[in-house]
Amino acid sequence: MRRAIAILVALGMSCIVQASTPDRAIDAFIAREMPASGAPGLAYAVVDDGDIRADARGETLKGSGEPVIPDTPFLLGSVSKSFTAMAVMQLVEAGTVDLDTGIGRYLPIFAQAPARDVTLRQLLSHTSGFSTLQGNQAHVDSPRSGDALTRQVARIATWTPPHAPGTHWAYSNANYLILGALIERISGQDYASYITAHILKPLGMTHSFVSDGAHHPGMARGHVPWFGGKRAMADAPTGRIMAPAGGVIASARDVARYLGVMMNGRDDVIRAPSKAMMMRPASDVSPYYGFGWNLDPESGAVYHSGNSPGVETLVSMKPDAGKGAVVLVNAAGGMGFGDTVGLRVGIATLALGEKYDGPGGNWGPKSLYLAIAIVAPLFLIGMVVAWRGRNALRAKSGAFGRFSLWFPLAATLAMAWVFVILIPHLFGTPIANLYRYQPDMTLMLIAGAVTGVAWAVLRLGIAYSGKR
C-alpha cells in the first residue's frame with residue numbers, strides 16, 4: 001500500500017496534465033492531411049518535460065456524430081508489447097523470474113518443447129528464433145474464452161523455431177504471447193487483471209483497460225481500407241488471445257502519462273534502471289530493439305507502432321529531451337491510397353519539435369495496388385476474347401499448338417500461388433489474416449488468382465471441345 005501511494009505521488013509530481021491545448025503547427029497539419037488519409041477520427045498527445053497536451057479530431061464511428069476526445073480509448077496494437085515487457089520487468093525485480101533463464105523453467109508446457117531453452121531476454125527482444133509468419137498464424141480457439149491465451153501458447157510450444165535462439169532477429173507476436181502466459185503463471189492472475197492492477201491503475205490510466213473478451217462501449221471503432229475509401233468494422237468483443245502482443249486499449253492522454261513515467265528517471269512502477277534497460281539494445285543481435293520498444297540509435301528516438309484491424313497507432317519519445325508523442329487513428333491505411341502513415345508520422349514528428357517533409361507520393365504501393373486491381377478485369381476480357389476466337393483455338397495443332405494451349409494454365413497456376421501464398425507471406429501473414437487488415441486488396445488477389453486459372457481452363461475447354 002505504501003509503495004502504491006508513493007508511486008501515485010511521484011506520478012502526480014512528474015506528469016502535469018494540461019487542458020487540451022491544440023498545437024498550431026499540428027492543427028494545420030491535421031487539417032491538411034487527415035482528409036487524404038480517409039481516417040474518420042484521431043487523438044494525439046504531446047509530452048514535453050512532464051507536461052501533457054492532448055487533442056482529438058473526427059468521429060469514433062464514421063457518420064455517427066460521436067466525437068473522438070483525448071480520453072477516447074483506442075486499441076493500441078503492438079504498442080501493448082511495452083506493457084507486457086514492463087510487467088516482466090516487475091517480475092524480474094521481484095526475483096520470481098530471471099531474464100537469462102529458459103522459458104521451459106517457468107512454463108511446464110515448454111519443459112520438453114523445441115523452444116524450451118529460449119530465454120526471457122530473447123523473447124522480449126524478438127531473438128527467440130520464432131518467425132514473423134509463425135507469430136501471425138490464425139487462431140483456432142475463441143478469442144473470448146478464459147483459457148484462450150493458454151491454449152494458443154500450448155500450440156506454440158509444439159512449434160520449432162526456424163532459427164536457433166539468440167542468432168537471428170525476427171519480429172514475432174509468438175514471443176509476447178509466451179510472455180503473457182508467463183505473467184499469468186507466475187502472478188496467479190490472468191493477463192488483463194495483472195496489467196490493470198500493476199500498471200494501469202498505479203499510473204492513473206483511468207480511460208484504459210485490457211482486452212478481456214467483453215464488449216466495451218465508447219471505444220473508437222476500427223475502419224478498414226475498402227477500394228479507396230474506409231469501411232467500418234462490425235462492433236465485436238475484445239479478444240484475449242492477442243492481449244499480451246496487441247490488446248491493451250488506452251486513450252491518447254493515458255498513453256502520454258505512461259510515456260512521462262518511462263522518461264522520468266525515477267523508481268515507481270518499475271525501477272529507473274529497468275526502464276533504461278527496456279530502452280536500449282537488448283543484444284548485438286538486436287541493435288534496434290530493446291524490451292518492447294524499437295530504437296533509433298542515431299536520433300535517440302524510442303518508439304513503437306501498432307497495426308490492428310481498422311486501427312493504427314504510433315508512440316514515440318526522446319528520453320534525453322523529455323519529449324514524447326502519441327497518435328491514435330481509427331483507420332487502417334490502404335496500399336498507397338488512404339494511407340495513414342504520413343498522418344501518424346507527421347503528427348509525431350511535429351510533436352517532438354522536428355520538421356516533417358512528408359511521406360512522398362507513395363507511388364510504389366499505389367502502383368502495386370493498381371496492378372493487382374486490373375488483373376481480374378483483364379482475365380475476364382480474355383475469356384470473352386477466347387470465346388470469340390474459339391475457331392482459332394480449335395485449329396491449334398502440333399507441339400507448338402499444344403504448348404500455347406497448356407502453358408497459360410501452368411503460368412496462371414504459378415500466378416495464383418504468388419497471389420494467394422507468396423504475397424501474403426511477404427506481409428508476414430496468411431491470406432486469411434491479411435483479409436482482416438486489407439480486405440479490398442485481399443479480395444483482388446483472390447479474384448485475380450481465380451479468374452486467371454479460369455481463363456486458362458476455359459481456353460483448354462474451348463480448344464478440345466471442338467476437336468474430333
# chains A, B, ... in the order shown; residues from 1 in each chain; ligands from 1

call {"tool": "select_by_dssp", "arguments": {"residues": "range 210-377 of chain A", "states": "strand (DSSP E)", "output": "short mmCIF file (atom, residue, chain, number, x, y, z; two decimals) with C-alpha atoms, in the first residue's frame"}}
result
data_model
loop_
_atom_site.label_atom_id
_atom_site.label_comp_id
_atom_site.auth_asym_id
_atom_site.auth_seq_id
_atom_site.Cartn_x
_atom_site.Cartn_y
_atom_site.Cartn_z
CA VAL A 210 -7.04 -4.68 -21.45
CA HIS A 223 -12.23 1.20 -40.20
CA VAL A 224 -10.52 -0.89 -42.87
CA PRO A 225 -9.48 0.04 -46.43
CA TRP A 226 -12.24 -0.50 -48.97
CA GLY A 229 -12.27 4.55 -49.00
CA LYS A 230 -12.84 3.23 -45.49
CA ARG A 231 -15.42 0.74 -44.23
CA ALA A 232 -16.41 0.50 -40.58
CA VAL A 248 -4.06 -3.01 -24.41
CA ILE A 249 -6.74 -0.36 -25.01
CA ALA A 250 -5.96 3.20 -23.93
CA ASN A 294 12.02 -0.03 -31.25
CA LEU A 295 15.18 2.06 -31.12
CA ASP A 296 16.78 4.61 -33.43
CA ALA A 301 14.25 8.04 -30.51
CA VAL A 302 12.38 5.20 -28.81
CA TYR A 303 9.13 4.24 -30.48
CA HIS A 304 6.61 1.58 -31.41
CA SER A 305 3.79 1.43 -33.90
CA GLY A 306 0.61 -0.59 -33.65
CA ASN A 307 -1.32 -2.11 -36.53
CA SER A 308 -4.62 -3.77 -35.65
CA VAL A 311 -6.79 0.90 -36.06
CA GLU A 312 -3.22 2.20 -36.39
CA THR A 313 -1.13 3.87 -33.70
CA LEU A 314 2.29 5.39 -33.18
CA VAL A 315 4.01 6.16 -29.89
CA SER A 316 7.43 7.79 -29.83
CA MET A 317 9.69 9.58 -27.39
CA LYS A 318 13.10 11.12 -26.99
CA LYS A 323 9.65 14.74 -25.30
CA GLY A 324 7.04 12.22 -26.38
CA ALA A 325 4.16 11.85 -28.81
CA VAL A 326 1.09 9.64 -29.07
CA VAL A 327 -1.00 9.33 -32.25
CA LEU A 328 -4.07 7.06 -32.39
CA VAL A 329 -6.07 6.71 -35.64
#

call {"tool": "residues_around", "arguments": {"residues": "Leu149 in chain A", "least_positions_apart": "6", "cutoff": "7 Å", "atoms": "only C-alpha atoms", "output": "PDB file with N, CA and C atoms, in the first residue's frame"}}
result
ATOM      1  N   ALA A 181       1.643 -15.618 -21.110  1.00  0.00           N
ATOM      2  CA  ALA A 181       1.374 -16.843 -20.343  1.00  0.00           C
ATOM      3  C   ALA A 181       2.294 -16.940 -19.135  1.00  0.00           C
ATOM      4  N   ARG A 240      -8.975 -12.144 -26.044  1.00  0.00           N
ATOM      5  CA  ARG A 240      -7.967 -12.425 -25.018  1.00  0.00           C
ATOM      6  C   ARG A 240      -6.645 -12.929 -25.595  1.00  0.00           C
ATOM      7  N   ILE A 241      -6.709 -13.642 -26.714  1.00  0.00           N
ATOM      8  CA  ILE A 241      -5.514 -14.335 -27.197  1.00  0.00           C
ATOM      9  C   ILE A 241      -4.373 -13.364 -27.461  1.00  0.00           C
TER      10      ILE A 241
END

call {"tool": "residues_around", "arguments": {"residues": "Asn136 in chain A", "least_positions_apart": "2", "cutoff": "6 Å", "atoms": "only C-alpha atoms", "output": "list in words"}}
result
Leu133, Gln134 and Thr429 of chain A

call {"tool": "write_last_selection", "arguments": {"atoms": "C-alpha atoms", "output": "CSV table (one decimal), in the first residue's frame"}}
result
chain,number,residue,atom,x,y,z
A,133,LEU,CA,4.8,-15.7,-40.0
A,134,GLN,CA,4.6,-18.1,-37.0
A,429,THR,CA,0.8,-13.4,-42.5

call {"tool": "atom_distance", "arguments": {"atom1": "CA of Glu66 in chain A", "atom2": "CA of Pro40 in chain A"}}
result
10.6 Å

call {"tool": "residues_around", "arguments": {"residues": "range 387-398 of chain A", "least_positions_apart": "2", "cutoff": "12 Å", "atoms": "only C-alpha atoms", "output": "list of chain:residue names"}}
result
A:Leu380, A:Ile381, A:Gly382, A:Met383, A:Val384, A:Val385, A:Phe400, A:Gly401, A:Arg402, A:Phe403, A:Ser404, A:Leu405, A:Trp406, A:Trp455, A:Ala456, A:Leu458, A:Arg459, A:Leu460, A:Gly461, A:Ile462, A:Ala463, A:Tyr464, A:Ser465, A:Gly466, A:Lys467, A:Arg468

call {"tool": "atom_distance", "arguments": {"atom1": "CA of Arg185 in chain A", "atom2": "CA of Ser125 in chain A"}}
result
20.7 Å

call {"tool": "closest_residue", "arguments": {"among": "A:Met335, A:Met86, A:Ala154, A:Ala148", "to": "Leu107 in chain A", "atoms": "only C-alpha atoms"}}
result
A:Ala154

call {"tool": "closest_residue", "arguments": {"among": "A:Arg121, A:Arg32, A:Arg24, A:Lys62", "to": "Met278 in chain A", "atoms": "only C-alpha atoms"}}
result
A:Arg121

call {"tool": "residues_around", "arguments": {"residues": "Met441 in chain A", "least_positions_apart": "5", "cutoff": "10 Å", "atoms": "only C-alpha atoms", "output": "VMD selection string"}}
result
chain A and resid 225 to 227 334 to 335 368 to 370 372 to 373 434 to 435 446 to 447

call {"tool": "write_last_selection", "arguments": {"atoms": "C-alpha atoms", "output": "compact mmCIF listing (two decimals), in the first residue's frame"}}
result
# COMPACT_ATOMS: atom_id res chain seq x y z
CA PRO A 225 -9.48 0.04 -46.43
CA TRP A 226 -12.24 -0.50 -48.97
CA PHE A 227 -11.42 0.31 -52.60
CA GLY A 334 -4.58 1.27 -47.61
CA MET A 335 -1.93 0.36 -50.17
CA LEU A 368 1.17 -2.35 -56.86
CA TYR A 369 -2.44 -1.77 -55.80
CA LEU A 370 -3.48 -0.65 -59.29
CA ILE A 372 -3.43 -6.06 -58.75
CA ALA A 373 -6.75 -4.26 -59.35
CA LEU A 434 -4.36 -10.37 -44.37
CA TYR A 435 -8.08 -10.06 -45.15
CA ILE A 446 -8.17 -13.90 -54.79
CA ALA A 447 -10.17 -12.62 -57.78

call {"tool": "closest_residue", "arguments": {"among": "A:Ala197, A:Val88, A:Ala321, A:Ala164", "to": "Tyr176 in chain A", "atoms": "only C-alpha atoms"}}
result
A:Val88

call {"tool": "atom_distance", "arguments": {"atom1": "CA of Ser82 in chain A", "atom2": "CA of Leu426 in chain A"}}
result
25.4 Å

call {"tool": "residues_around", "arguments": {"residues": "Thr150 in chain A", "least_positions_apart": "3", "cutoff": "9 Å", "atoms": "only C-alpha atoms", "output": "JSON, numbers by chain"}}
result
{"A": [146, 147, 153, 154, 155, 177, 178, 180, 181, 241]}

call {"tool": "write_last_selection", "arguments": {"atoms": "N, CA, C and O atoms", "output": "compact mmCIF listing (two decimals), in the first residue's frame"}}
result
# COMPACT_ATOMS: atom_id res chain seq x y z
N GLY A 146 -11.85 -17.94 -21.52
CA GLY A 146 -10.94 -17.58 -20.45
C GLY A 146 -9.56 -18.20 -20.58
O GLY A 146 -8.57 -17.63 -20.11
N ASP A 147 -9.46 -19.37 -21.24
CA ASP A 147 -8.17 -20.03 -21.38
C ASP A 147 -7.61 -19.91 -22.79
O ASP A 147 -6.75 -20.68 -23.21
N VAL A 153 -0.73 -20.64 -26.50
CA VAL A 153 0.68 -20.82 -26.13
C VAL A 153 1.04 -22.29 -26.09
O VAL A 153 2.16 -22.68 -26.45
N ALA A 154 0.11 -23.14 -25.69
CA ALA A 154 0.35 -24.59 -25.73
C ALA A 154 0.58 -25.04 -27.18
O ALA A 154 1.41 -25.94 -27.44
N ARG A 155 -0.11 -24.42 -28.10
CA ARG A 155 0.09 -24.73 -29.52
C ARG A 155 1.47 -24.25 -29.97
O ARG A 155 2.17 -24.94 -30.71
N LEU A 177 3.11 -13.54 -26.73
CA LEU A 177 2.05 -14.41 -26.20
C LEU A 177 2.64 -15.34 -25.15
O LEU A 177 2.01 -15.59 -24.11
N ILE A 178 3.84 -15.85 -25.41
CA ILE A 178 4.51 -16.69 -24.42
C ILE A 178 4.76 -15.90 -23.14
O ILE A 178 4.53 -16.39 -22.02
N GLY A 180 3.05 -13.39 -22.07
CA GLY A 180 1.77 -13.21 -21.39
C GLY A 180 1.40 -14.42 -20.56
O GLY A 180 0.91 -14.29 -19.42
N ALA A 181 1.64 -15.62 -21.11
CA ALA A 181 1.37 -16.84 -20.34
C ALA A 181 2.29 -16.94 -19.13
O ALA A 181 1.90 -17.42 -18.06
N ILE A 241 -6.71 -13.64 -26.71
CA ILE A 241 -5.51 -14.34 -27.20
C ILE A 241 -4.37 -13.36 -27.46
O ILE A 241 -3.24 -13.57 -27.03

call {"tool": "select_by_dssp", "arguments": {"residues": "range 7-211 of chain A", "states": "helix (DSSP H, G or I)", "output": "MDAnalysis selection string"}}
result
chainID A and resid 7:14 24:37 77:93 103:105 108:110 120:124 132:135 148:156 173:187 191:200

call {"tool": "residues_around", "arguments": {"residues": "Arg280 in chain A", "least_positions_apart": "4", "cutoff": "9 Å", "atoms": "only C-alpha atoms", "output": "PyMOL selection string"}}
result
chain A and resi 276+287-291+293-295+297+302

call {"tool": "write_last_selection", "arguments": {"atoms": "all heavy atoms", "output": "mmCIF file, in the first residue's frame"}}
result
data_model
loop_
_atom_site.group_PDB
_atom_site.id
_atom_site.type_symbol
_atom_site.label_atom_id
_atom_site.label_comp_id
_atom_site.auth_asym_id
_atom_site.auth_seq_id
_atom_site.Cartn_x
_atom_site.Cartn_y
_atom_site.Cartn_z
ATOM 1 N N ALA A 276 15.558 2.004 -18.203
ATOM 2 C CA ALA A 276 16.681 2.232 -19.111
ATOM 3 C C ALA A 276 17.005 0.971 -19.905
ATOM 4 O O ALA A 276 17.306 1.042 -21.098
ATOM 5 C CB ALA A 276 17.900 2.703 -18.320
ATOM 6 N N PRO A 287 20.168 -4.798 -32.257
ATOM 7 C CA PRO A 287 20.672 -3.433 -32.042
ATOM 8 C C PRO A 287 19.610 -2.351 -32.146
ATOM 9 O O PRO A 287 19.848 -1.222 -31.705
ATOM 10 C CB PRO A 287 21.705 -3.276 -33.171
ATOM 11 C CG PRO A 287 21.214 -4.180 -34.253
ATOM 12 C CD PRO A 287 20.592 -5.355 -33.545
ATOM 13 N N TYR A 288 18.441 -2.692 -32.709
ATOM 14 C CA TYR A 288 17.399 -1.676 -32.910
ATOM 15 C C TYR A 288 16.113 -2.001 -32.152
ATOM 16 O O TYR A 288 15.063 -1.453 -32.453
ATOM 17 C CB TYR A 288 17.093 -1.532 -34.406
ATOM 18 C CG TYR A 288 18.321 -1.218 -35.224
ATOM 19 C CD1 TYR A 288 18.859 -2.166 -36.085
ATOM 20 C CD2 TYR A 288 18.949 0.023 -35.114
ATOM 21 C CE1 TYR A 288 19.996 -1.883 -36.828
ATOM 22 C CE2 TYR A 288 20.091 0.309 -35.846
ATOM 23 C CZ TYR A 288 20.606 -0.648 -36.704
ATOM 24 O OH TYR A 288 21.736 -0.366 -37.435
ATOM 25 N N TYR A 289 16.238 -2.891 -31.172
ATOM 26 C CA TYR A 289 15.058 -3.246 -30.375
ATOM 27 C C TYR A 289 15.502 -3.547 -28.958
ATOM 28 O O TYR A 289 16.501 -4.241 -28.735
ATOM 29 C CB TYR A 289 14.343 -4.466 -30.969
ATOM 30 C CG TYR A 289 12.889 -4.586 -30.558
ATOM 31 C CD1 TYR A 289 11.880 -3.988 -31.314
ATOM 32 C CD2 TYR A 289 12.506 -5.275 -29.415
ATOM 33 C CE1 TYR A 289 10.545 -4.081 -30.966
ATOM 34 C CE2 TYR A 289 11.168 -5.378 -29.036
ATOM 35 C CZ TYR A 289 10.200 -4.776 -29.820
ATOM 36 O OH TYR A 289 8.869 -4.866 -29.457
ATOM 37 N N GLY A 290 14.763 -2.968 -27.998
ATOM 38 C CA GLY A 290 15.037 -3.233 -26.597
ATOM 39 C C GLY A 290 14.064 -4.261 -26.071
ATOM 40 O O GLY A 290 13.925 -5.350 -26.620
ATOM 41 N N PHE A 291 13.348 -3.917 -25.013
ATOM 42 C CA PHE A 291 12.295 -4.770 -24.471
ATOM 43 C C PHE A 291 10.959 -4.082 -24.739
ATOM 44 O O PHE A 291 10.560 -3.177 -24.022
ATOM 45 C CB PHE A 291 12.474 -4.985 -22.971
ATOM 46 C CG PHE A 291 13.695 -5.783 -22.580
ATOM 47 C CD1 PHE A 291 14.100 -5.846 -21.256
ATOM 48 C CD2 PHE A 291 14.441 -6.464 -23.529
ATOM 49 C CE1 PHE A 291 15.217 -6.578 -20.875
ATOM 50 C CE2 PHE A 291 15.562 -7.188 -23.173
ATOM 51 C CZ PHE A 291 15.961 -7.242 -21.836
ATOM 52 N N TRP A 293 10.299 -2.087 -27.217
ATOM 53 C CA TRP A 293 10.472 -0.785 -27.861
ATOM 54 C C TRP A 293 11.440 -0.883 -29.027
ATOM 55 O O TRP A 293 12.497 -1.507 -28.923
ATOM 56 C CB TRP A 293 11.017 0.250 -26.875
ATOM 57 C CG TRP A 293 10.039 0.685 -25.823
ATOM 58 C CD1 TRP A 293 10.029 0.317 -24.511
ATOM 59 C CD2 TRP A 293 8.925 1.578 -26.008
ATOM 60 N NE1 TRP A 293 8.985 0.929 -23.854
ATOM 61 C CE2 TRP A 293 8.281 1.691 -24.744
ATOM 62 C CE3 TRP A 293 8.405 2.276 -27.092
ATOM 63 C CZ2 TRP A 293 7.155 2.491 -24.543
ATOM 64 C CZ3 TRP A 293 7.278 3.065 -26.907
ATOM 65 C CH2 TRP A 293 6.666 3.171 -25.644
ATOM 66 N N ASN A 294 11.081 -0.229 -30.153
ATOM 67 C CA ASN A 294 12.018 -0.029 -31.250
ATOM 68 C C ASN A 294 12.952 1.114 -30.906
ATOM 69 O O ASN A 294 12.566 2.059 -30.191
ATOM 70 C CB ASN A 294 11.265 0.318 -32.541
ATOM 71 C CG ASN A 294 10.516 -0.859 -33.114
ATOM 72 O OD1 ASN A 294 11.114 -1.817 -33.588
ATOM 73 N ND2 ASN A 294 9.196 -0.799 -33.053
ATOM 74 N N LEU A 295 14.170 1.059 -31.445
ATOM 75 C CA LEU A 295 15.179 2.056 -31.121
ATOM 76 C C LEU A 295 15.780 2.642 -32.394
ATOM 77 O O LEU A 295 16.011 1.921 -33.374
ATOM 78 C CB LEU A 295 16.308 1.425 -30.290
ATOM 79 C CG LEU A 295 15.881 0.577 -29.083
ATOM 80 C CD1 LEU A 295 17.094 -0.113 -28.486
ATOM 81 C CD2 LEU A 295 15.178 1.432 -28.046
ATOM 82 N N PRO A 297 19.139 4.492 -32.779
ATOM 83 C CA PRO A 297 20.336 4.986 -32.082
ATOM 84 C C PRO A 297 20.835 6.323 -32.605
ATOM 85 O O PRO A 297 21.384 7.127 -31.851
ATOM 86 C CB PRO A 297 21.364 3.876 -32.335
ATOM 87 C CG PRO A 297 20.551 2.654 -32.624
ATOM 88 C CD PRO A 297 19.334 3.148 -33.338
ATOM 89 N N VAL A 302 12.922 6.486 -29.247
ATOM 90 C CA VAL A 302 12.382 5.197 -28.806
ATOM 91 C C VAL A 302 10.916 5.202 -29.222
ATOM 92 O O VAL A 302 10.188 6.155 -28.919
ATOM 93 C CB VAL A 302 12.504 5.043 -27.276
ATOM 94 C CG1 VAL A 302 11.913 3.726 -26.815
ATOM 95 C CG2 VAL A 302 13.966 5.146 -26.844
#

call {"tool": "closest_residue", "arguments": {"among": "A:Ala31, A:Ala113, A:Val47, A:Val255", "to": "Gly353 in chain A", "atoms": "only C-alpha atoms"}}
result
A:Val47

call {"tool": "closest_residue", "arguments": {"among": "A:Thr72, A:Gln112, A:Thr196, A:Thr412", "to": "Val450 in chain A", "atoms": "only C-alpha atoms"}}
result
A:Thr412

call {"tool": "decode", "arguments": {"residues": "range 162-194 of chain A", "atoms": "N, CA and C atoms", "output": "PDB file, in the first residue's frame"}}
result
ATOM      1  N   PRO A 162      12.467 -21.527 -36.659  1.00  0.00           N
ATOM      2  CA  PRO A 162      13.342 -21.743 -37.812  1.00  0.00           C
ATOM      3  C   PRO A 162      14.794 -21.322 -37.573  1.00  0.00           C
ATOM      4  N   HIS A 163      15.044 -20.580 -36.497  1.00  0.00           N
ATOM      5  CA  HIS A 163      16.406 -20.139 -36.189  1.00  0.00           C
ATOM      6  C   HIS A 163      16.752 -20.502 -34.749  1.00  0.00           C
ATOM      7  N   ALA A 164      18.026 -20.715 -34.510  1.00  0.00           N
ATOM      8  CA  ALA A 164      18.480 -21.012 -33.153  1.00  0.00           C
ATOM      9  C   ALA A 164      18.323 -19.766 -32.281  1.00  0.00           C
ATOM     10  N   PRO A 165      18.004 -19.948 -31.005  1.00  0.00           N
ATOM     11  CA  PRO A 165      17.819 -18.787 -30.116  1.00  0.00           C
ATOM     12  C   PRO A 165      19.063 -17.905 -30.074  1.00  0.00           C
ATOM     13  N   GLY A 166      18.831 -16.599 -30.120  1.00  0.00           N
ATOM     14  CA  GLY A 166      19.922 -15.642 -29.973  1.00  0.00           C
ATOM     15  C   GLY A 166      20.778 -15.429 -31.204  1.00  0.00           C
ATOM     16  N   THR A 167      20.369 -15.984 -32.356  1.00  0.00           N
ATOM     17  CA  THR A 167      21.187 -15.850 -33.558  1.00  0.00           C
ATOM     18  C   THR A 167      20.546 -14.999 -34.645  1.00  0.00           C
ATOM     19  N   HIS A 168      19.273 -14.668 -34.490  1.00  0.00           N
ATOM     20  CA  HIS A 168      18.542 -14.019 -35.572  1.00  0.00           C
ATOM     21  C   HIS A 168      17.444 -13.147 -34.976  1.00  0.00           C
ATOM     22  N   TRP A 169      17.266 -11.942 -35.534  1.00  0.00           N
ATOM     23  CA  TRP A 169      16.180 -11.060 -35.079  1.00  0.00           C
ATOM     24  C   TRP A 169      14.999 -11.188 -36.032  1.00  0.00           C
ATOM     25  N   ALA A 170      13.828 -11.464 -35.501  1.00  0.00           N
ATOM     26  CA  ALA A 170      12.606 -11.518 -36.314  1.00  0.00           C
ATOM     27  C   ALA A 170      11.434 -11.144 -35.417  1.00  0.00           C
ATOM     28  N   TYR A 171      10.732 -10.114 -35.808  1.00  0.00           N
ATOM     29  CA  TYR A 171       9.576  -9.651 -35.033  1.00  0.00           C
ATOM     30  C   TYR A 171       8.491 -10.721 -35.057  1.00  0.00           C
ATOM     31  N   SER A 172       8.055 -11.164 -33.889  1.00  0.00           N
ATOM     32  CA  SER A 172       7.071 -12.246 -33.835  1.00  0.00           C
ATOM     33  C   SER A 172       6.147 -12.083 -32.641  1.00  0.00           C
ATOM     34  N   ASN A 173       4.849 -12.055 -32.921  1.00  0.00           N
ATOM     35  CA  ASN A 173       3.866 -11.972 -31.837  1.00  0.00           C
ATOM     36  C   ASN A 173       3.947 -13.174 -30.913  1.00  0.00           C
ATOM     37  N   ALA A 174       4.441 -14.301 -31.424  1.00  0.00           N
ATOM     38  CA  ALA A 174       4.535 -15.508 -30.599  1.00  0.00           C
ATOM     39  C   ALA A 174       5.343 -15.250 -29.335  1.00  0.00           C
ATOM     40  N   ASN A 175       6.401 -14.434 -29.440  1.00  0.00           N
ATOM     41  CA  ASN A 175       7.248 -14.155 -28.278  1.00  0.00           C
ATOM     42  C   ASN A 175       6.444 -13.543 -27.136  1.00  0.00           C
ATOM     43  N   TYR A 176       5.591 -12.595 -27.463  1.00  0.00           N
ATOM     44  CA  TYR A 176       4.869 -11.876 -26.414  1.00  0.00           C
ATOM     45  C   TYR A 176       3.637 -12.626 -25.923  1.00  0.00           C
ATOM     46  N   LEU A 177       3.108 -13.544 -26.728  1.00  0.00           N
ATOM     47  CA  LEU A 177       2.053 -14.414 -26.203  1.00  0.00           C
ATOM     48  C   LEU A 177       2.639 -15.344 -25.146  1.00  0.00           C
ATOM     49  N   ILE A 178       3.836 -15.850 -25.412  1.00  0.00           N
ATOM     50  CA  ILE A 178       4.512 -16.687 -24.416  1.00  0.00           C
ATOM     51  C   ILE A 178       4.759 -15.903 -23.136  1.00  0.00           C
ATOM     52  N   LEU A 179       5.216 -14.660 -23.269  1.00  0.00           N
ATOM     53  CA  LEU A 179       5.460 -13.825 -22.085  1.00  0.00           C
ATOM     54  C   LEU A 179       4.164 -13.541 -21.329  1.00  0.00           C
ATOM     55  N   GLY A 180       3.053 -13.389 -22.066  1.00  0.00           N
ATOM     56  CA  GLY A 180       1.769 -13.213 -21.395  1.00  0.00           C
ATOM     57  C   GLY A 180       1.399 -14.417 -20.556  1.00  0.00           C
ATOM     58  N   ALA A 181       1.643 -15.618 -21.110  1.00  0.00           N
ATOM     59  CA  ALA A 181       1.374 -16.843 -20.343  1.00  0.00           C
ATOM     60  C   ALA A 181       2.294 -16.940 -19.135  1.00  0.00           C
ATOM     61  N   LEU A 182       3.536 -16.487 -19.291  1.00  0.00           N
ATOM     62  CA  LEU A 182       4.476 -16.468 -18.166  1.00  0.00           C
ATOM     63  C   LEU A 182       3.949 -15.569 -17.050  1.00  0.00           C
ATOM     64  N   ILE A 183       3.482 -14.383 -17.394  1.00  0.00           N
ATOM     65  CA  ILE A 183       2.942 -13.454 -16.403  1.00  0.00           C
ATOM     66  C   ILE A 183       1.779 -14.089 -15.659  1.00  0.00           C
ATOM     67  N   GLU A 184       0.901 -14.766 -16.388  1.00  0.00           N
ATOM     68  CA  GLU A 184      -0.255 -15.398 -15.750  1.00  0.00           C
ATOM     69  C   GLU A 184       0.175 -16.490 -14.775  1.00  0.00           C
ATOM     70  N   ARG A 185       1.131 -17.330 -15.180  1.00  0.00           N
ATOM     71  CA  ARG A 185       1.532 -18.441 -14.317  1.00  0.00           C
ATOM     72  C   ARG A 185       2.278 -17.964 -13.071  1.00  0.00           C
ATOM     73  N   ILE A 186       3.192 -17.020 -13.242  1.00  0.00           N
ATOM     74  CA  ILE A 186       3.995 -16.567 -12.103  1.00  0.00           C
ATOM     75  C   ILE A 186       3.169 -15.727 -11.138  1.00  0.00           C
ATOM     76  N   SER A 187       2.273 -14.889 -11.669  1.00  0.00           N
ATOM     77  CA  SER A 187       1.500 -13.983 -10.807  1.00  0.00           C
ATOM     78  C   SER A 187       0.247 -14.627 -10.240  1.00  0.00           C
ATOM     79  N   GLY A 188      -0.263 -15.667 -10.906  1.00  0.00           N
ATOM     80  CA  GLY A 188      -1.519 -16.269 -10.479  1.00  0.00           C
ATOM     81  C   GLY A 188      -2.736 -15.469 -10.898  1.00  0.00           C
ATOM     82  N   GLN A 189      -2.542 -14.434 -11.734  1.00  0.00           N
ATOM     83  CA  GLN A 189      -3.643 -13.618 -12.243  1.00  0.00           C
ATOM     84  C   GLN A 189      -3.715 -13.758 -13.765  1.00  0.00           C
ATOM     85  N   ASP A 190      -4.915 -13.557 -14.340  1.00  0.00           N
ATOM     86  CA  ASP A 190      -4.966 -13.513 -15.788  1.00  0.00           C
ATOM     87  C   ASP A 190      -4.294 -12.227 -16.261  1.00  0.00           C
ATOM     88  N   TYR A 191      -3.891 -12.214 -17.515  1.00  0.00           N
ATOM     89  CA  TYR A 191      -3.086 -11.108 -18.042  1.00  0.00           C
ATOM     90  C   TYR A 191      -3.767  -9.761 -17.853  1.00  0.00           C
ATOM     91  N   ALA A 192      -5.047  -9.673 -18.204  1.00  0.00           N
ATOM     92  CA  ALA A 192      -5.763  -8.400 -18.100  1.00  0.00           C
ATOM     93  C   ALA A 192      -5.786  -7.894 -16.666  1.00  0.00           C
ATOM     94  N   SER A 193      -6.042  -8.786 -15.716  1.00  0.00           N
ATOM     95  CA  SER A 193      -6.107  -8.377 -14.309  1.00  0.00           C
ATOM     96  C   SER A 193      -4.751  -7.894 -13.815  1.00  0.00           C
ATOM     97  N   TYR A 194      -3.687  -8.593 -14.236  1.00  0.00           N
ATOM     98  CA  TYR A 194      -2.358  -8.196 -13.776  1.00  0.00           C
ATOM     99  C   TYR A 194      -1.984  -6.813 -14.300  1.00  0.00           C
TER     100      TYR A 194
END
